[in-house]
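Trainee: Before I ask anything, let me first share the structure, which is written out below as C-alpha cells.
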Amino acid sequence: MNVSFSISSLSVSNSRTRLISFRETGQGDQKSSEEWKTSTKLEALGTMEGELAHLLSTCKPEKLAHNKTELSGFRNLFARFLRAKPTVDWSKIEPLPEGSIRPYKSLGNVSEKELIAAQLRKLVVVKLNGGLGTSMGCKGPKSVISVRNDLTFLDLTMQQIQTLNKTYGVDVPLVLMNSFNTNEDTQKVLKKYANVKVSVHTFSQSQYPRINRETLLPIVKSLEADDNECWYPPGHGNFYEAFNNSGLLDKFLADGKEYCFLSNIDNMGATVDLSILNFVLNPPADQVAPEFLMEVTDKTRADVKGGTLIQYEGRLMLLEIAQVPKDYVDEFKSISKFRIFNTNNLWAKLDSMKRVVTENQLEMEVIVNPKHLDRGLDVIQLETAAGAAIKSFRGAVGVNVPRSRFLPVKKTSDLLLLMSNLYDIDNGSLTLSHQRSFPTTPLVKLGSSFDKVKDYLGRFNGIPDLLELDHLTVSGDVWFGKDVSLKGTVIIIANHGDRIDIPPGSILENKIVSGNLRILEH
C-alpha cells in the first residue's frame, strides 16, 4: 500500500488516527505472513510520521519551512526502505542491450576551439565534497588533504577549472555539494581562492536523523538539540533533490546551462572530458541525446566490489554488491561476467533532472548502512547512490572510459601512487607518466601502520620510484629511506616485534623482504 504524506499538515494526533485506520481496514488481521508484514510496515511508517511531526514541533519558526522539506524527504526515503526488497531477483537480470555501453574511442574528438567554448558554456561542474578525512586520520573535509606538491584536492580542482576557463575564454562554474560535516570548514578554505578565475557555488546536502536499529525511530528528540551524532548526510544520491532545493538548479537553467558533470572530489581522474561533453550535446544524427551518462571502466582485481550496470525489468540499473543475493556474490565479483564498474563520474541533463525531481520519478535503491555510535547505540543510516538514478532518466547510456578517468584516493596506498613519479601533474590534472612502459597502475597494499596520513608520511623519507612497479605489499613496522626504487613485485613483511628499514638508494626488484633490518643513525 502506498500511503500519501504531507508533512506540512501533519500533527501527532492525526498520525495516531491514521494508524488506527490501518488496523481497521483489516490489514492487521494476519491471515498470512505477507499481510502481517504489510501491517507491521504500515505501523512503522505511521509511528515514524508521528515522531517526525513531534520533531517539527520542537524547531524555531524561522527554520520550519526548511525542516519540513528535509523531514519530508527523509520520510519518503524511510517509506521506500520499508517497501523495498533488499536484493534483486537474480533470474530477472538480462543481457545489456546493444549500444547501452559505448566504447570511449567511438565518441571521437572535437578540435574546433569555438565549438568547444560554445559547449563548455552549457556545462556545470559539480564535486561531491561531503566526506571527512577521518578514515585517513585527518580532521576536516577530505578535500583539504595534500595530494601532490602540497596541493590539496580542492587546489587541484580549482586549477583544472581555471585552466579550462582561461584556455577557452569561458566561465564554467564549480559547484561543491558539502555536508553539515564539511560546510563550515569549506567556506573558510574558499576564501583563499578570491583571486582565482572560477565562479564557485556551494550548497549542503540533506541532514537526516539516524534511526535506532531496534525501534526504527529517530534517536534525536528535538531539532534544537546540538548533537551532530544524531544526524547523517544520506549519501550522494541525495544530490538531485538537494541541488533542486538549493535553488541552484533553477539558476543554472535560467543561465542557459544544459548539463552537469558530477564526480567525487577525491577522484583525480575526473576532469572535464571534451569528447563526452560533445557526445551528450551533439549526439550522432540517428540518436537522441542521453539524459544521463555514466562513465564505467574495466574491472581489475581491486574493483570486484564496485557497482556494475545491468538490464533489469526493461531498464538500465546500477547493481551494488549490497543488492546481490548471498548465493550470487561470487558471480557478481566475477570479472568475466560483470566486466565493468561505475566510476561515479556522471553526466545529467539539467532540465531532465528538474523533471524527475519535481514529478517524484527518482527511484533509487535504498542502502542500509549500520553504525555503532560511541554512546553504545546501534543505528542505521538510509542512503542512496547518485548512479542509481540512471533508471529514472530517458536514453541513459554508459561509456567505457580509460582507467585514467578513475583515480580515487580512499586510502594512503592510493595517495602513494599519486604522490610518486608514476603521475605527471599539469595545471591540476594528473596523467600517467609517459615513462611508464605499460598503461596499468600497480596494485599497492599498505598495512595498518600506514593507515593514517601522518604515519604514512613519517614512514617515507622520500616517495619511492614506482615507474616499473607491478605490485607492492607492505606489512608491519617498515620505514623507507630516500631515493628507493621499487620494480616488479615487491613484498616487505616485518613480523611482530621486528622493524625493517629500507636503506636510502635501495633498488628492490622482484624481492621478498622479511625479518629484521634496522638502520641506525651514526
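Every chain in the C-alpha cells has a letter given in the order shown (A, B, ...), and although residue numbers restart at 1 in each chain, ligands are simply numbered from 1 in the order shown.
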Leaving out Ser404 in chain A and any residue of its chain fewer than 3 positions from it, which residues lie within 9 Å of it when counting only C-alpha atoms, given as number ranges by chain?
Mentor: A: 268-270, 401, 407, 430-432, 439-440
Trainee: With N, CA, C and O atoms kept, could you save the residues just selected as a compact mmCIF listing (two decimals), in the first residue's frame?
Mentor:
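In the end it all went to part_6.txt:
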# COMPACT_ATOMS: atom_id res chain seq x y z
N MET A 268 40.92 12.08 -8.76
CA MET A 268 41.75 13.00 -9.52
C MET A 268 41.75 12.73 -11.03
O MET A 268 42.32 13.49 -11.80
N GLY A 269 41.08 11.67 -11.45
CA GLY A 269 40.95 11.42 -12.88
C GLY A 269 39.69 12.03 -13.48
O GLY A 269 39.52 12.03 -14.70
N ALA A 270 38.82 12.57 -12.63
CA ALA A 270 37.52 13.07 -13.08
C ALA A 270 37.60 14.52 -13.55
O ALA A 270 37.04 15.42 -12.95
N VAL A 401 35.20 4.16 -20.23
CA VAL A 401 36.31 5.12 -20.31
C VAL A 401 37.63 4.47 -19.89
O VAL A 401 37.64 3.43 -19.23
N LEU A 407 40.80 7.76 -10.60
CA LEU A 407 41.97 7.81 -9.71
C LEU A 407 41.52 8.29 -8.32
O LEU A 407 41.89 9.37 -7.87
N LEU A 430 46.33 15.25 -13.32
CA LEU A 430 47.33 14.20 -13.15
C LEU A 430 47.20 13.19 -14.28
O LEU A 430 46.09 12.70 -14.56
N THR A 431 48.30 12.90 -14.95
CA THR A 431 48.28 11.90 -16.02
C THR A 431 49.41 10.91 -15.81
O THR A 431 50.47 11.26 -15.28
N LEU A 432 49.16 9.66 -16.21
CA LEU A 432 50.18 8.62 -16.06
C LEU A 432 51.42 8.99 -16.86
O LEU A 432 51.33 9.41 -18.02
N PRO A 439 50.40 0.87 -19.63
CA PRO A 439 49.43 1.86 -19.13
C PRO A 439 48.58 1.40 -17.93
O PRO A 439 47.48 1.89 -17.74
N THR A 440 49.08 0.46 -17.15
CA THR A 440 48.33 0.00 -15.98
C THR A 440 48.93 0.60 -14.71
O THR A 440 50.11 0.95 -14.68
Trainee: Mind the document's chain letters and residue numbers, and return as a ChimeraX atom specification the residues of range 303-422 of chain A that DSSP labels strand (DSSP E or B).
Mentor: /A:308-312,315-319,340-349,367-372,378-383,397-400,408
Trainee: Output N, CA and C atoms of each residue in that selection to a file, as a CSV table (one decimal), in the first residue's frame.
Mentor:
chain,number,residue,atom,x,y,z
A,308,THR,N,27.9,-2.3,-10.8
A,308,THR,CA,28.0,-2.5,-12.2
A,308,THR,C,26.7,-2.2,-12.9
A,309,LEU,N,26.6,-2.1,-14.2
A,309,LEU,CA,25.4,-1.8,-14.9
A,309,LEU,C,24.8,-3.1,-15.4
A,310,ILE,N,23.5,-3.2,-15.2
A,310,ILE,CA,22.7,-4.4,-15.7
A,310,ILE,C,21.4,-3.9,-16.4
A,311,GLN,N,20.8,-4.8,-17.1
A,311,GLN,CA,19.5,-4.5,-17.6
A,311,GLN,C,18.5,-5.3,-16.7
A,312,TYR,N,17.5,-4.6,-16.1
A,312,TYR,CA,16.7,-5.2,-15.2
A,312,TYR,C,15.3,-4.6,-15.3
A,315,ARG,N,15.0,-1.8,-18.0
A,315,ARG,CA,15.8,-0.5,-17.8
A,315,ARG,C,17.2,-0.8,-17.4
A,316,LEU,N,18.1,0.2,-17.7
A,316,LEU,CA,19.4,0.1,-17.2
A,316,LEU,C,19.4,0.3,-15.7
A,317,MET,N,20.2,-0.4,-14.9
A,317,MET,CA,20.1,-0.3,-13.5
A,317,MET,C,21.6,-0.5,-12.9
A,318,LEU,N,21.9,0.3,-11.9
A,318,LEU,CA,23.2,0.2,-11.2
A,318,LEU,C,23.0,-0.9,-10.1
A,319,LEU,N,23.7,-2.0,-10.2
A,319,LEU,CA,23.7,-3.1,-9.3
A,319,LEU,C,24.9,-3.0,-8.3
A,340,ILE,N,32.6,-4.5,-16.1
A,340,ILE,CA,32.8,-3.0,-15.9
A,340,ILE,C,32.3,-2.6,-14.5
A,341,PHE,N,32.7,-1.5,-14.0
A,341,PHE,CA,32.1,-0.9,-12.8
A,341,PHE,C,31.9,0.6,-12.9
A,342,ASN,N,31.1,1.1,-12.1
A,342,ASN,CA,30.8,2.5,-12.1
A,342,ASN,C,31.9,3.4,-11.4
A,343,THR,N,32.3,4.4,-12.2
A,343,THR,CA,33.4,5.3,-11.6
A,343,THR,C,32.8,6.4,-10.8
A,344,ASN,N,31.5,6.6,-10.8
A,344,ASN,CA,30.7,7.7,-10.2
A,344,ASN,C,31.1,9.0,-10.9
A,345,ASN,N,31.5,9.0,-12.1
A,345,ASN,CA,31.6,10.2,-13.0
A,345,ASN,C,30.3,10.2,-13.8
A,346,LEU,N,29.4,11.1,-13.5
A,346,LEU,CA,28.1,11.1,-14.1
A,346,LEU,C,27.8,12.4,-14.8
A,347,TRP,N,27.1,12.3,-15.9
A,347,TRP,CA,26.6,13.5,-16.7
A,347,TRP,C,25.1,13.4,-16.7
A,348,ALA,N,24.5,14.5,-16.3
A,348,ALA,CA,23.0,14.6,-16.3
A,348,ALA,C,22.5,15.8,-16.9
A,349,LYS,N,21.4,15.7,-17.7
A,349,LYS,CA,20.7,16.8,-18.4
A,349,LYS,C,19.9,17.6,-17.3
A,367,ILE,N,20.2,2.1,0.4
A,367,ILE,CA,21.3,1.4,1.0
A,367,ILE,C,21.2,1.6,2.5
A,368,VAL,N,21.2,0.4,3.2
A,368,VAL,CA,21.1,0.5,4.7
A,368,VAL,C,22.6,0.4,5.2
A,369,ASN,N,23.0,1.4,5.9
A,369,ASN,CA,24.4,1.5,6.4
A,369,ASN,C,24.3,1.4,8.0
A,370,PRO,N,24.7,0.3,8.6
A,370,PRO,CA,24.7,0.2,10.0
A,370,PRO,C,25.9,0.8,10.7
A,371,LYS,N,25.6,1.5,11.8
A,371,LYS,CA,26.7,2.2,12.5
A,371,LYS,C,26.6,1.8,14.0
A,372,HIS,N,27.7,1.8,14.7
A,372,HIS,CA,27.7,1.7,16.2
A,372,HIS,C,28.3,3.0,16.7
A,378,ASP,N,23.3,1.1,18.6
A,378,ASP,CA,23.3,0.6,17.2
A,378,ASP,C,22.3,1.3,16.4
A,379,VAL,N,22.7,2.0,15.3
A,379,VAL,CA,21.8,2.7,14.5
A,379,VAL,C,21.9,2.3,13.0
A,380,ILE,N,20.9,2.7,12.2
A,380,ILE,CA,21.1,2.5,10.8
A,380,ILE,C,20.9,3.9,10.1
A,381,GLN,N,21.6,4.0,9.0
A,381,GLN,CA,21.5,5.2,8.1
A,381,GLN,C,20.9,4.8,6.8
A,382,LEU,N,19.9,5.4,6.3
A,382,LEU,CA,19.4,5.1,5.0
A,382,LEU,C,20.0,6.0,4.0
A,383,GLU,N,20.6,5.5,2.9
A,383,GLU,CA,21.4,6.3,2.0
A,383,GLU,C,21.0,5.8,0.6
A,397,VAL,N,22.9,6.0,-21.0
A,397,VAL,CA,23.9,5.2,-21.5
A,397,VAL,C,25.1,5.1,-20.6
A,398,GLY,N,26.0,4.1,-20.8
A,398,GLY,CA,27.3,4.1,-20.2
A,398,GLY,C,28.3,4.3,-21.2
A,399,VAL,N,29.5,4.8,-20.8
A,399,VAL,CA,30.6,4.9,-21.7
A,399,VAL,C,31.8,4.3,-21.0
A,400,ASN,N,32.4,3.3,-21.7
A,400,ASN,CA,33.6,2.6,-21.1
A,400,ASN,C,34.8,3.4,-21.3
A,408,PRO,N,40.7,7.5,-7.6
A,408,PRO,CA,40.2,7.9,-6.3
A,408,PRO,C,41.3,7.7,-5.2
Trainee: Among range 225-467 of chain A, which residues does DSSP mark as alpha helix (DSSP H) when it is run on the backbone? Keep the chain and numbering as in the structure and answer as a ChimeraX atom specification.
Mentor: /A:239-246,248-254,274-281,329-333,350-358,412-419,453-459
Trainee: Which residues are near Val366 in chain A? Cut-off 12 Å, only C-alpha atoms, ignore same chain within fewer than 2 positions. Put them as a VMD selection string.
Mentor: chain A and resid 74 76 to 87 234 to 238 319 to 320 322 to 323 362 to 364 368 to 369 380 to 386 388 to 389
Trainee: I'd like the interatomic distance between CA of Leu45 in chain A and CA of Asn212 in chain A, to a tenth of an Å.
Mentor: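 About the pair CA of Leu45 in chain A and CA of Asn212 in chain A: they are 14.2 Å apart.
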Trainee: Between A:Phe393, A:Phe480, A:Tyr168, A:Phe203, which one has atoms that come closest to Glu291 in chain A, using only C-alpha atoms?
Mentor: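 Residue with the minimum atom-to-atom distance to Glu291 in chain A: A:Phe393.
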Trainee: Give me the residues within 12 Å of Asp477 in chain A as a PyMOL selection string, counting only C-alpha atoms and dropping any in the same chain fewer than 4 places off.
Mentor: chain A and resi 446-450+455-456+458-460+492-502+514-518
Trainee: May I ask which of the residues A:Met158, A:Ala118, A:Pro209, A:Val124 is the closest one to Met48 in chain A, counting only C-alpha atoms?
Mentor: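 Residue with the minimum atom-to-atom distance to Met48 in chain A: A:Pro209.
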Trainee: Using only C-alpha atoms, pick whichever of A:Lys482, A:Lys487, A:Lys454, A:Lys92 has the shortest atom-to-atom distance to Leu467 in chain A.
Mentor: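 Closest residue, counting only C-alpha atoms: A:Lys487.
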Trainee: Would you work out the distance separating CA of Ser475 in chain A from CA of Asn264 in chain A, expressed in Å to one decimal?
Mentor: 29.2 Å
Trainee: Excluding Val357 in chain A and any residue of its chain fewer than 4 positions from it, enumerate the residues within 9 Å of it, using only C-alpha atoms, and give them as a list in words.
Mentor: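 Within the cut-off, the hits are Tyr240, Glu241, Asn244, Ser352, Met353, Gln361 and Leu362 of chain A.
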Trainee: Near Ile425 in chain A, counting only C-alpha atoms, which residues have an atom at most 12 Å away, once you skip same-chain residues fewer than 5 positions from it, shown as a list in words?
Mentor: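 Listed by chain and then number, they are Val147, Arg148, Asn149, Leu151, Leu156, Gln159, Gln160, Met268, Gly269, Leu418, Met419, Ser420, Leu430, Thr431, Leu432, Ser433 and His434 of chain A.
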Trainee: Write the residues of the preceding selection, restricted to N, CA and C atoms, as a JSON list (two decimals), in the first residue's frame.
Mentor:
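Just written: out.json:
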[["chain", "number", "residue", "atom", "x", "y", "z"],
["A", 147, "VAL", "N", 47.69, 16.31, -1.78],
["A", 147, "VAL", "CA", 47.83, 15.19, -2.71],
["A", 147, "VAL", "C", 49.20, 15.20, -3.38],
["A", 148, "ARG", "N", 49.63, 16.38, -3.81],
["A", 148, "ARG", "CA", 50.88, 16.46, -4.58],
["A", 148, "ARG", "C", 51.44, 17.88, -4.47],
["A", 149, "ASN", "N", 52.72, 17.99, -4.18],
["A", 149, "ASN", "CA", 53.39, 19.29, -4.08],
["A", 149, "ASN", "C", 52.65, 20.24, -3.14],
["A", 151, "LEU", "N", 49.64, 20.52, -2.72],
["A", 151, "LEU", "CA", 48.36, 20.93, -3.29],
["A", 151, "LEU", "C", 47.28, 19.95, -2.87],
["A", 156, "LEU", "N", 43.75, 21.42, -6.66],
["A", 156, "LEU", "CA", 43.91, 20.82, -7.99],
["A", 156, "LEU", "C", 42.64, 21.00, -8.82],
["A", 159, "GLN", "N", 42.47, 24.55, -9.99],
["A", 159, "GLN", "CA", 43.43, 24.74, -11.09],
["A", 159, "GLN", "C", 42.87, 24.21, -12.41],
["A", 160, "GLN", "N", 42.26, 23.03, -12.36],
["A", 160, "GLN", "CA", 41.70, 22.41, -13.57],
["A", 160, "GLN", "C", 40.65, 23.32, -14.21],
["A", 268, "MET", "N", 40.92, 12.08, -8.76],
["A", 268, "MET", "CA", 41.75, 13.00, -9.52],
["A", 268, "MET", "C", 41.75, 12.73, -11.03],
["A", 269, "GLY", "N", 41.08, 11.67, -11.45],
["A", 269, "GLY", "CA", 40.95, 11.42, -12.88],
["A", 269, "GLY", "C", 39.69, 12.03, -13.48],
["A", 418, "LEU", "N", 49.67, 8.57, -6.38],
["A", 418, "LEU", "CA", 49.54, 9.91, -6.94],
["A", 418, "LEU", "C", 50.71, 10.82, -6.57],
["A", 419, "MET", "N", 51.35, 10.55, -5.42],
["A", 419, "MET", "CA", 52.49, 11.37, -4.99],
["A", 419, "MET", "C", 53.78, 10.95, -5.67],
["A", 420, "SER", "N", 53.77, 9.80, -6.33],
["A", 420, "SER", "CA", 55.01, 9.25, -6.91],
["A", 420, "SER", "C", 55.23, 9.77, -8.33],
["A", 430, "LEU", "N", 46.33, 15.25, -13.32],
["A", 430, "LEU", "CA", 47.33, 14.20, -13.15],
["A", 430, "LEU", "C", 47.20, 13.19, -14.28],
["A", 431, "THR", "N", 48.30, 12.90, -14.95],
["A", 431, "THR", "CA", 48.28, 11.90, -16.02],
["A", 431, "THR", "C", 49.41, 10.91, -15.81],
["A", 432, "LEU", "N", 49.16, 9.66, -16.21],
["A", 432, "LEU", "CA", 50.18, 8.62, -16.06],
["A", 432, "LEU", "C", 51.42, 8.99, -16.86],
["A", 433, "SER", "N", 52.58, 8.87, -16.24],
["A", 433, "SER", "CA", 53.83, 9.27, -16.87],
["A", 433, "SER", "C", 54.08, 8.50, -18.17],
["A", 434, "HIS", "N", 54.52, 9.22, -19.20],
["A", 434, "HIS", "CA", 54.85, 8.56, -20.47],
["A", 434, "HIS", "C", 56.08, 7.68, -20.33]]
Trainee: Identify, on the basis of only C-alpha atoms, every residue whose closest approach to range 187-201 of chain A does not exceed 8 Å; exclude the query and any residue fewer than 6 positions from it along the same chain; express the result as a short mmCIF file (atom, residue, chain, number, x, y, z; two decimals) with N, CA and C atoms, in the first residue's frame.
Mentor:
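This went into around.cif:
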data_model
loop_
_atom_site.label_atom_id
_atom_site.label_comp_id
_atom_site.auth_asym_id
_atom_site.auth_seq_id
_atom_site.Cartn_x
_atom_site.Cartn_y
_atom_site.Cartn_z
N MET A 158 40.40 23.42 -8.50
CA MET A 158 40.33 24.83 -8.89
C MET A 158 41.28 25.13 -10.05
N ILE A 161 39.70 23.81 -13.39
CA ILE A 161 38.61 24.63 -13.93
C ILE A 161 39.14 25.98 -14.41
N GLN A 162 40.07 26.57 -13.66
CA GLN A 162 40.63 27.86 -14.08
C GLN A 162 41.35 27.73 -15.42
N ASN A 165 38.80 27.50 -18.18
CA ASN A 165 38.17 28.81 -18.42
C ASN A 165 39.09 29.76 -19.19
N ASP A 171 33.34 30.60 -18.66
CA ASP A 171 33.21 30.69 -17.21
C ASP A 171 32.42 29.47 -16.72
N VAL A 172 33.06 28.30 -16.79
CA VAL A 172 32.43 27.08 -16.29
C VAL A 172 32.37 27.17 -14.77
N PRO A 173 31.16 27.13 -14.19
CA PRO A 173 31.08 27.24 -12.73
C PRO A 173 31.41 25.92 -12.03
N LEU A 174 31.98 26.04 -10.84
CA LEU A 174 32.26 24.89 -10.00
C LEU A 174 31.28 24.90 -8.82
N VAL A 175 30.59 23.80 -8.63
CA VAL A 175 29.64 23.67 -7.53
C VAL A 175 30.14 22.59 -6.57
N LEU A 176 30.17 22.91 -5.29
CA LEU A 176 30.57 21.94 -4.26
C LEU A 176 29.33 21.53 -3.46
#
Trainee: Quick one: of A:Leu115, A:Gly247, A:Thr47, A:Thr163, who's nearest to Asp426 in chain A, counting only C-alpha atoms?
Mentor: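 Closest to Asp426 in chain A of all the choices is A:Thr163.
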